Number of protein chains: 2
Amino acid sequence: MEYETPLFFHVMQYAARADRDVIDMVSGNPDWEPPEALREGLREYADFEPDRFQYPPSEGLLELREEIAARRGVDTEQVIVTNGAGEANYLAMARALERGRGSEIILTDPVYPYYPGKTTMLDGTQTFVAADEDGQLDPDAVRAAASEETAAIVANSPNNPTGAVYPEATIGELVDVAEEYDAILISDEVYDHYDLSGEFASALSVDSENRIVTNAFSKSLAITGFRVGYAIFPPELVDDARSRHMLVNVAGSRPSQYAVLQALRETPPEYYETNRELLRERVDTFTDALDETGAEYTTPQGSFYVMARFDGYPGTLANVERLIDEAGVAGMPGEAFGDSRSDWLRFALVTPRVEEAAKRLATHFE
Amino acid sequence: MEYETPLFFHVMQYAARADRDVIDMVSGNPDWEPPEALREGLREYADFEPDRFQYPPSEGLLELREEIAARRGVDTEQVIVTNGAGEANYLAMARALERGRGSEIILTDPVYPYYPGKTTMLDGTQTFVAADEDGQLDPDAVRAAASEETAAIVANSPNNPTGAVYPEATIGELVDVAEEYDAILISDEVYDHYDLSGEFASALSVDSENRIVTNAFSKSLAITGFRVGYAIFPPELVDDARSRHMLVNVAGSRPSQYAVLQALRETPPEYYETNRELLRERVDTFTDALDETGAEYTTPQGSFYVMARFDGYPGTLANVERLIDEAGVAGMPGEAFGDSRSDWLRFALVTPRVEEAAKRLATHFE
């Protein structure tokens, strides 16, 4: 069986081995602080009685599921706490495919590469619908691609890698398309706290039996390594998803879940706003400095990423490696995200050195 | 899709809701202390820099993989750190099935119910080979059941639920059978630190391209809720397993992995010996008191479990629930482990109140 292994880890390893200072803009790892209450949650955990070191409920700590359900306006029963958004998307895609309605997954181009990887692993087939130059998705194009064979449509807003935020009308129409073909809209909203546009709309804003929402605390609490995410299923789909979760992972990490629960309870809104503001400043700083390079680039409405195109320098892995060695800046090759962005490079704004990075790029491409 | 959802959680919830004191002997959750160094690992973690809160390598923290490899005498490259033994067994079974040699998984009867659940989820077929009355497995019976259709043989020693420990000859012959049919022996050794017989042999004692060993720190460090396990693959099988792990879970919980690493480094052998001794005492206490009930029972060579048979009281879920309500003792129905033990009940020795439990059973069945 062949998987389309994501390139992230390869590029990060290449950058780590480089014989020079490299500014790491490869992966979506926040470099800002997790909430203090999360740290305090770990400290408390260290002194708990032994019974707290044993299995949490398979579907997650009840209080965490209740907290999520209250925030998202759904029933607690619909919530499964997962090992990050990675497992949430895996469960959602598997659940859509095992309904037996068809084996096709509709993805966007550009695409977050784990989605096609998961599709292949789950014996699904892929159909790509091109986003426009701004990363926006035309629901009519999705409708035209959909058929009785369609098991799921996977949407991601705020989007990785384009930075697009889909307006509410798009989300609503995507749910409509899913309903028309009795498929499932899987809405991955992991960057919801990094909407810089004010336009973000959750798929939960539309009531439907044909959508699954996935999310995680990896980005919002700056803890990609804690592996706490969740999926919200329609009531009829949740039981089998819970069984798969149990059969694959038994349960998620309990100290991680507890620390997240404490962070959700104790962290004020300013924490999230401060991080959004930091990201806004980095977008401005990086894109302003990119102007010096003569590159074409996207200004993200949300998420962590700026895509840039340098004349005569396509977004291949070889060129990314050259840029690490010769400019000391590590990004991701656009070709990892699909054919439509193969001329582009993606830079994650997860370093305070975004201005220095842009200057290095300007020097390199001058 | 129908899964055979394990009954553990159902029984635990039933016991928790009971309107009386119930001695919980349902699940394999140690009630003893995790190592102090594990607690200290969490305390340290709380003060780490933000970068330590981000993704660990997908296959696990390098130092943890090195520590495991050194202890098990394998190459670090063969080790994938997983979300507990649950994910390790899932990866191993998926890997065996995707070789395309056949879709049959040979399991024992009695069986740990997650194995048939995973088999069904992975579209494999099940063939059961009966263990003998003592829980021992006859390799010739496995050989007779095996064929070109066999993808894997799943063995578990020390065994849940029988308490049997397979001698080295059995393990060696099971590897031979796997090699004869180019199948994979999956050896789940999660109870290896609870061998009370001195007879335990790891499948790593036989060099073969046809065996995968799975394990976890859930039992040995008394941390079933931390979700840190591992699988050791033959070199040719590890790449695809690593990809599946990445596509399902991205990575495991980093603070959990770090705390386990600290515990492995700092915990003296006495910790493990003390817990084994505690278990030995509980086996003696519980089985001595069971003599008063007139029940037939097994004396485990390893793992946490005593199986008992009470006259005219088959091991059904209904009877387990009656025992919770009427005797205040919660076990697992033998029928959950397969046809051969449907007259039996399984009691996990994970409470200091094993003598009181046996007395309650004596009173109930007198």
# chains A, B, ... in the order shown; residues from 1 in each chain; ligands from 1
call {"tool": "calpha_fit_and_write", "arguments": {"fixed": "chain A", "moving": "chain B", "output": "compact mmCIF listing (two decimals) with C-alpha atoms, in the first residue's frame"}}
result
# COMPACT_ATOMS: atom_id res chain seq x y z
CA MET B 1 0.05 0.05 0.01
CA GLU B 2 1.36 3.43 -1.02
CA TYR B 3 0.66 6.48 1.06
CA GLU B 4 1.25 10.05 0.10
CA THR B 5 3.43 10.79 3.05
CA PRO B 6 3.36 14.45 3.97
CA LEU B 7 6.60 16.27 3.31
CA PHE B 8 6.51 18.39 6.46
CA PHE B 9 8.75 16.17 8.47
CA HIS B 10 11.21 15.72 5.63
CA VAL B 11 11.64 19.47 5.18
CA MET B 12 11.91 20.09 8.92
CA GLN B 13 14.61 17.45 9.21
CA TYR B 14 16.48 18.88 6.24
CA ALA B 15 16.37 22.35 7.83
CA ALA B 16 17.52 20.99 11.19
CA ARG B 17 20.54 19.35 9.55
CA ALA B 18 21.57 22.45 7.60
CA ASP B 19 25.00 23.80 8.39
CA ARG B 20 23.79 27.36 8.97
CA ASP B 21 21.17 29.46 10.74
CA VAL B 22 17.77 28.69 9.22
CA ILE B 23 14.55 30.57 9.93
CA ASP B 24 11.93 27.84 10.31
CA MET B 25 8.70 28.72 8.50
CA VAL B 26 7.86 25.12 7.59
CA SER B 27 5.09 23.84 9.77
CA GLY B 28 2.10 25.24 11.62
CA ASN B 29 3.74 25.11 15.05
CA PRO B 30 2.94 28.30 16.98
CA ASP B 31 6.01 29.81 18.62
CA TRP B 32 3.93 31.82 21.10
CA GLU B 33 3.13 30.92 24.69
CA PRO B 34 0.49 28.37 25.67
CA PRO B 35 -1.92 29.70 28.32
CA GLU B 36 -0.58 29.79 31.88
CA ALA B 37 -3.59 27.74 33.03
CA LEU B 38 -2.47 24.92 30.76
CA ARG B 39 0.93 24.84 32.44
CA GLU B 40 -0.80 24.97 35.82
CA GLY B 41 -2.95 22.01 34.74
CA LEU B 42 0.18 19.90 34.24
CA ARG B 43 1.58 20.98 37.61
CA GLU B 44 -1.65 19.96 39.35
CA TYR B 45 -1.69 16.68 37.49
CA ALA B 46 1.70 15.68 38.87
CA ASP B 47 0.17 15.44 42.36
CA PHE B 48 -3.08 13.67 41.55
CA GLU B 49 -4.05 10.32 43.03
CA PRO B 50 -3.09 7.20 41.01
CA ASP B 51 -6.64 6.73 39.66
CA ARG B 52 -6.25 9.92 37.61
CA PHE B 53 -3.34 8.25 35.79
CA GLN B 54 -5.68 5.60 34.37
CA TYR B 55 -7.87 5.53 31.23
CA PRO B 56 -10.14 8.50 30.71
CA PRO B 57 -13.46 7.66 29.07
CA SER B 58 -12.74 6.60 25.51
CA GLU B 59 -14.63 9.54 24.02
CA GLY B 60 -12.79 11.99 26.29
CA LEU B 61 -13.12 13.46 29.79
CA LEU B 62 -16.81 14.23 30.33
CA GLU B 63 -16.15 17.75 31.61
CA LEU B 64 -14.06 18.53 28.54
CA ARG B 65 -16.78 17.24 26.21
CA GLU B 66 -19.35 19.31 28.12
CA GLU B 67 -17.17 22.40 27.86
CA ILE B 68 -16.76 21.89 24.11
CA ALA B 69 -20.48 21.19 23.63
CA ALA B 70 -21.45 24.33 25.53
CA ARG B 71 -19.06 26.48 23.50
CA ARG B 72 -20.17 25.01 20.19
CA GLY B 73 -23.89 24.81 20.95
CA VAL B 74 -24.23 21.05 20.40
CA ASP B 75 -25.15 18.07 22.56
CA THR B 76 -22.33 16.54 24.59
CA GLU B 77 -23.21 13.18 23.02
CA GLN B 78 -22.16 14.52 19.61
CA VAL B 79 -18.62 15.30 20.75
CA ILE B 80 -15.71 12.86 20.55
CA VAL B 81 -12.38 14.10 21.89
CA THR B 82 -9.65 12.92 19.54
CA ASN B 83 -5.88 12.74 19.26
CA GLY B 84 -5.74 16.16 17.60
CA ALA B 85 -7.48 17.31 14.44
CA GLY B 86 -5.52 14.59 12.65
CA GLU B 87 -7.54 11.82 14.24
CA ALA B 88 -10.73 13.90 14.05
CA ASN B 89 -10.40 14.17 10.27
CA TYR B 90 -9.49 10.48 10.00
CA LEU B 91 -12.62 9.48 11.96
CA ALA B 92 -14.80 11.85 9.95
CA MET B 93 -13.54 10.61 6.57
CA ALA B 94 -13.75 6.97 7.62
CA ARG B 95 -17.28 7.52 8.89
CA ALA B 96 -18.36 9.18 5.64
CA LEU B 97 -16.88 6.35 3.56
CA GLU B 98 -18.35 3.52 5.61
CA ARG B 99 -21.88 4.78 4.99
CA GLY B 100 -21.53 2.96 1.67
CA ARG B 101 -22.96 5.81 -0.41
CA GLY B 102 -19.85 6.05 -2.57
CA SER B 103 -16.09 6.08 -2.27
CA GLU B 104 -15.30 9.53 -3.64
CA ILE B 105 -13.90 12.33 -1.49
CA ILE B 106 -14.04 15.82 -2.95
CA LEU B 107 -11.00 17.87 -1.98
CA THR B 108 -9.84 21.33 -2.94
CA ASP B 109 -6.76 22.21 -4.96
CA PRO B 110 -4.65 23.47 -3.26
CA VAL B 111 -5.13 20.97 -0.48
CA TYR B 112 -3.73 20.23 2.97
CA PRO B 113 -1.77 17.08 2.06
CA TYR B 114 -2.99 14.93 4.93
CA TYR B 115 -6.46 14.85 3.34
CA PRO B 116 -5.46 13.02 0.16
CA GLY B 117 -3.15 10.84 2.27
CA LYS B 118 -6.03 9.80 4.51
CA THR B 119 -8.31 9.30 1.51
CA THR B 120 -5.89 6.86 -0.10
CA MET B 121 -5.31 5.02 3.17
CA LEU B 122 -9.07 4.61 3.56
CA ASP B 123 -9.46 3.27 0.00
CA GLY B 124 -11.36 6.34 -1.13
CA THR B 125 -10.94 8.05 -4.48
CA GLN B 126 -10.02 11.72 -4.83
CA THR B 127 -11.66 14.41 -6.90
CA PHE B 128 -10.13 17.86 -6.76
CA VAL B 129 -12.02 21.10 -7.20
CA ALA B 130 -9.82 24.12 -7.87
CA ALA B 131 -10.00 27.09 -5.54
CA ASP B 132 -9.69 30.47 -7.20
CA GLU B 133 -6.58 32.66 -7.06
CA ASP B 134 -7.58 34.01 -3.65
CA GLY B 135 -8.18 30.51 -2.36
CA GLN B 136 -11.96 30.91 -2.39
CA LEU B 137 -14.07 27.87 -3.23
CA ASP B 138 -17.00 28.14 -5.61
CA PRO B 139 -19.82 25.94 -4.28
CA ASP B 140 -21.19 25.57 -7.82
CA ALA B 141 -17.90 24.00 -8.89
CA VAL B 142 -18.23 21.57 -5.98
CA ARG B 143 -21.83 20.86 -7.00
CA ALA B 144 -20.72 20.17 -10.56
CA ALA B 145 -18.10 17.72 -9.32
CA ALA B 146 -20.42 15.95 -6.87
CA SER B 147 -22.39 12.84 -7.73
CA GLU B 148 -24.02 9.81 -6.17
CA GLU B 149 -20.45 8.52 -5.77
CA THR B 150 -19.53 11.34 -3.40
CA ALA B 151 -19.03 10.22 0.18
CA ALA B 152 -17.63 13.47 1.52
CA ILE B 153 -16.54 17.00 0.73
CA VAL B 154 -13.63 18.22 2.85
CA ALA B 155 -13.47 21.97 3.44
CA ASN B 156 -10.94 23.87 5.53
CA SER B 157 -11.55 27.47 6.55
CA PRO B 158 -9.54 29.44 7.57
CA ASN B 159 -7.54 27.61 4.96
CA ASN B 160 -4.16 25.97 5.00
CA PRO B 161 -2.29 26.79 2.76
CA THR B 162 -4.13 29.68 1.06
CA GLY B 163 -5.19 31.73 4.08
CA ALA B 164 -8.70 32.08 2.60
CA VAL B 165 -11.69 32.38 4.94
CA TYR B 166 -14.91 31.14 3.36
CA PRO B 167 -17.93 33.42 3.85
CA GLU B 168 -21.06 32.06 5.50
CA ALA B 169 -22.77 31.73 2.12
CA THR B 170 -20.09 29.33 0.90
CA ILE B 171 -20.35 27.14 3.99
CA GLY B 172 -24.14 27.09 3.70
CA GLU B 173 -24.01 26.09 0.06
CA LEU B 174 -21.43 23.38 0.72
CA VAL B 175 -23.81 21.88 3.30
CA ASP B 176 -26.56 22.10 0.66
CA VAL B 177 -24.44 20.19 -1.84
CA ALA B 178 -23.72 17.51 0.77
CA GLU B 179 -27.43 17.19 1.47
CA GLU B 180 -28.34 17.04 -2.23
CA TYR B 181 -26.12 13.98 -2.72
CA ASP B 182 -26.53 12.57 0.81
CA ALA B 183 -22.81 13.06 1.29
CA ILE B 184 -21.04 14.51 4.32
CA LEU B 185 -19.47 17.95 4.48
CA ILE B 186 -16.38 17.65 6.68
CA SER B 187 -15.53 21.14 7.88
CA ASP B 188 -12.04 21.35 9.39
CA GLU B 189 -12.03 24.54 11.44
CA VAL B 190 -8.76 24.15 13.29
CA TYR B 191 -7.72 27.74 12.52
CA ASP B 192 -11.02 29.26 13.68
CA HIS B 193 -9.29 31.34 16.38
CA TYR B 194 -7.00 32.83 13.73
CA ASP B 195 -9.64 34.47 11.57
CA LEU B 196 -8.13 37.86 10.78
CA SER B 197 -11.00 38.92 8.53
CA GLY B 198 -14.03 38.68 10.81
CA GLU B 199 -15.70 36.65 8.06
CA PHE B 200 -15.28 33.16 9.49
CA ALA B 201 -18.42 31.04 9.65
CA SER B 202 -18.53 27.62 11.25
CA ALA B 203 -20.43 24.82 9.53
CA LEU B 204 -22.22 24.48 12.87
CA SER B 205 -24.10 27.65 11.89
CA VAL B 206 -26.14 25.42 9.55
CA ASP B 207 -28.18 22.64 11.12
CA SER B 208 -27.72 19.48 9.09
CA GLU B 209 -27.39 15.72 9.41
CA ASN B 210 -24.85 15.90 6.61
CA ARG B 211 -21.94 17.70 8.18
CA ILE B 212 -19.17 16.82 10.60
CA VAL B 213 -17.08 19.59 12.16
CA THR B 214 -13.50 18.88 13.19
CA ASN B 215 -11.26 21.05 15.32
CA ALA B 216 -8.42 20.96 17.85
CA PHE B 217 -6.74 23.02 20.54
CA SER B 218 -3.39 22.58 18.81
CA LYS B 219 -3.42 26.03 17.23
CA SER B 220 -5.79 27.98 19.49
CA LEU B 221 -3.82 27.08 22.64
CA ALA B 222 -0.44 26.77 20.85
CA ILE B 223 -0.04 23.11 21.80
CA THR B 224 0.29 21.03 18.64
CA GLY B 225 2.22 18.45 20.69
CA PHE B 226 -0.54 17.81 23.22
CA ARG B 227 -2.81 16.06 20.72
CA VAL B 228 -6.24 17.17 21.87
CA GLY B 229 -8.85 17.73 19.21
CA TYR B 230 -12.48 16.90 18.66
CA ALA B 231 -15.10 16.02 16.11
CA ILE B 232 -18.79 16.93 16.26
CA PHE B 233 -20.97 14.35 14.55
CA PRO B 234 -24.65 14.31 13.67
CA PRO B 235 -26.41 12.08 16.23
CA GLU B 236 -26.84 9.15 13.80
CA LEU B 237 -23.16 9.06 12.89
CA VAL B 238 -21.55 9.31 16.29
CA ASP B 239 -21.81 5.72 17.55
CA ASP B 240 -19.74 4.08 14.85
CA ALA B 241 -17.19 6.89 14.98
CA ARG B 242 -16.86 6.36 18.74
CA SER B 243 -16.29 2.65 18.14
CA ARG B 244 -13.57 3.32 15.57
CA HIS B 245 -11.90 5.77 17.95
CA MET B 246 -11.96 3.11 20.67
CA LEU B 247 -10.64 0.38 18.40
CA VAL B 248 -7.80 2.53 17.04
CA ASN B 249 -6.71 4.52 20.10
CA VAL B 250 -8.74 3.24 23.08
CA ALA B 251 -8.62 6.81 24.46
CA GLY B 252 -6.58 9.99 24.25
CA SER B 253 -3.95 11.26 26.68
CA ARG B 254 -5.62 12.16 29.95
CA PRO B 255 -3.11 14.70 31.31
CA SER B 256 -3.28 16.50 27.96
CA GLN B 257 -7.08 16.56 28.12
CA TYR B 258 -7.06 17.79 31.69
CA ALA B 259 -4.59 20.58 30.94
CA VAL B 260 -6.74 21.69 28.00
CA LEU B 261 -9.85 21.69 30.18
CA GLN B 262 -8.13 23.94 32.72
CA ALA B 263 -6.93 26.22 29.95
CA LEU B 264 -10.43 26.52 28.47
CA ARG B 265 -11.89 27.38 31.85
CA GLU B 266 -9.29 29.88 32.97
CA THR B 267 -7.96 31.59 29.86
CA PRO B 268 -9.40 35.07 29.20
CA PRO B 269 -10.42 36.23 25.70
CA GLU B 270 -7.37 38.52 25.66
CA TYR B 271 -5.10 35.51 25.24
CA TYR B 272 -6.68 34.66 21.91
CA GLU B 273 -6.89 38.29 20.79
CA THR B 274 -3.23 38.88 21.61
CA ASN B 275 -2.19 35.95 19.44
CA ARG B 276 -4.39 37.10 16.56
CA GLU B 277 -2.86 40.55 16.84
CA LEU B 278 0.64 39.07 16.78
CA LEU B 279 -0.27 37.21 13.62
CA ARG B 280 -1.75 40.35 12.03
CA GLU B 281 1.49 42.21 12.69
CA ARG B 282 3.56 39.39 11.24
CA VAL B 283 1.40 39.30 8.11
CA ASP B 284 1.99 43.02 7.64
CA THR B 285 5.70 42.87 8.40
CA PHE B 286 6.37 39.85 6.21
CA THR B 287 4.31 40.98 3.23
CA ASP B 288 5.72 44.53 3.40
CA ALA B 289 9.22 43.12 3.31
CA LEU B 290 8.25 40.70 0.54
CA ASP B 291 7.41 43.72 -1.61
CA GLU B 292 11.16 44.27 -1.81
CA THR B 293 11.62 40.88 -3.46
CA GLY B 294 9.29 41.54 -6.36
CA ALA B 295 7.45 38.33 -5.46
CA GLU B 296 3.77 37.77 -5.94
CA TYR B 297 2.16 36.76 -2.64
CA THR B 298 -1.14 36.15 -0.86
CA THR B 299 -2.31 38.16 2.15
CA PRO B 300 -4.05 35.66 4.42
CA GLN B 301 -7.53 36.36 5.78
CA GLY B 302 -6.81 33.73 8.40
CA SER B 303 -4.55 30.79 9.40
CA PHE B 304 -0.75 31.12 9.61
CA TYR B 305 0.41 31.10 6.01
CA VAL B 306 1.63 33.38 3.25
CA MET B 307 2.14 31.89 -0.18
CA ALA B 308 4.71 33.55 -2.39
CA ARG B 309 5.82 33.08 -6.00
CA PHE B 310 9.31 34.03 -7.13
CA ASP B 311 9.99 34.39 -10.83
CA GLY B 312 11.65 31.32 -12.30
CA TYR B 313 11.73 29.54 -8.94
CA PRO B 314 8.94 26.93 -8.87
CA GLY B 315 7.74 25.46 -5.58
CA THR B 316 9.58 22.17 -5.74
CA LEU B 317 11.20 20.28 -2.90
CA ALA B 318 14.58 20.84 -4.56
CA ASN B 319 14.04 24.58 -4.56
CA VAL B 320 12.91 24.54 -0.93
CA GLU B 321 16.11 22.73 -0.02
CA ARG B 322 18.18 25.23 -2.03
CA LEU B 323 16.49 28.08 -0.18
CA ILE B 324 17.36 26.48 3.15
CA ASP B 325 20.99 26.08 2.16
CA GLU B 326 21.46 29.34 0.26
CA ALA B 327 19.11 31.80 1.96
CA GLY B 328 18.58 30.28 5.41
CA VAL B 329 14.80 30.33 5.09
CA ALA B 330 12.74 27.14 5.28
CA GLY B 331 9.26 27.02 3.75
CA MET B 332 7.13 24.34 2.19
CA PRO B 333 7.03 23.52 -1.52
CA GLY B 334 3.77 24.59 -3.12
CA GLU B 335 3.66 21.37 -5.08
CA ALA B 336 2.99 19.55 -1.78
CA PHE B 337 -0.43 21.24 -1.82
CA GLY B 338 -1.46 20.30 -5.33
CA ASP B 339 -0.91 21.18 -8.94
CA SER B 340 -2.43 24.65 -8.78
CA ARG B 341 0.24 26.00 -6.45
CA SER B 342 3.26 24.22 -7.86
CA ASP B 343 4.89 27.56 -8.68
CA TRP B 344 4.49 28.78 -5.11
CA LEU B 345 6.18 28.45 -1.74
CA ARG B 346 4.34 28.48 1.58
CA PHE B 347 5.77 30.33 4.59
CA ALA B 348 4.33 29.79 8.08
CA LEU B 349 4.39 32.91 10.26
CA VAL B 350 5.49 31.05 13.36
CA THR B 351 8.72 32.87 14.09
CA PRO B 352 9.44 36.38 15.38
CA ARG B 353 12.01 36.67 12.57
CA VAL B 354 9.59 37.16 9.68
CA GLU B 355 11.20 40.47 8.70
CA GLU B 356 14.67 38.94 8.68
CA ALA B 357 13.30 36.05 6.63
CA ALA B 358 11.84 38.39 4.03
CA LYS B 359 15.12 40.31 3.89
CA ARG B 360 17.04 37.09 3.28
CA LEU B 361 14.61 36.24 0.50
CA ALA B 362 15.06 39.74 -0.98
CA THR B 363 18.84 39.32 -0.94
CA HIS B 364 18.61 35.84 -2.43
CA PHE B 365 16.29 36.79 -5.27
CA GLU B 366 17.68 40.25 -6.05
call {"tool": "select_by_dssp", "arguments": {"residues": "stretch 218-309 of chain A", "states": "alpha helix (DSSP H)", "output": "ChimeraX atom specification"}}
result
/A:238-249,254-266,269-291
call {"tool": "select_by_dssp", "arguments": {"residues": "stretch 221-299 of chain B", "states": "strand (DSSP E or B)", "output": "PDB file with N, CA and C atoms, in the first residue's frame"}}
result
ATOM      1  N   GLY B 229       2.619   3.760  24.063  1.00  0.00           N
ATOM      2  CA  GLY B 229       2.976   2.392  23.761  1.00  0.00           C
ATOM      3  C   GLY B 229       3.960   2.374  22.619  1.00  0.00           C
ATOM      4  N   TYR B 230       4.260   1.177  22.133  1.00  0.00           N
ATOM      5  CA  TYR B 230       5.161   1.110  20.978  1.00  0.00           C
ATOM      6  C   TYR B 230       4.966  -0.191  20.233  1.00  0.00           C
ATOM      7  N   ALA B 231       5.410  -0.183  18.984  1.00  0.00           N
ATOM      8  CA  ALA B 231       5.466  -1.392  18.179  1.00  0.00           C
ATOM      9  C   ALA B 231       6.860  -1.494  17.599  1.00  0.00           C
ATOM     10  N   ILE B 232       7.359  -2.733  17.535  1.00  0.00           N
ATOM     11  CA  ILE B 232       8.672  -2.998  16.937  1.00  0.00           C
ATOM     12  C   ILE B 232       8.433  -3.812  15.674  1.00  0.00           C
ATOM     13  N   GLU B 296     -14.739 -22.794  40.794  1.00  0.00           N
ATOM     14  CA  GLU B 296     -13.554 -23.197  40.046  1.00  0.00           C
ATOM     15  C   GLU B 296     -12.858 -21.904  39.628  1.00  0.00           C
ATOM     16  N   TYR B 297     -11.538 -21.870  39.644  1.00  0.00           N
ATOM     17  CA  TYR B 297     -10.859 -20.631  39.224  1.00  0.00           C
ATOM     18  C   TYR B 297      -9.491 -20.937  38.641  1.00  0.00           C
TER      19      TYR B 297
END
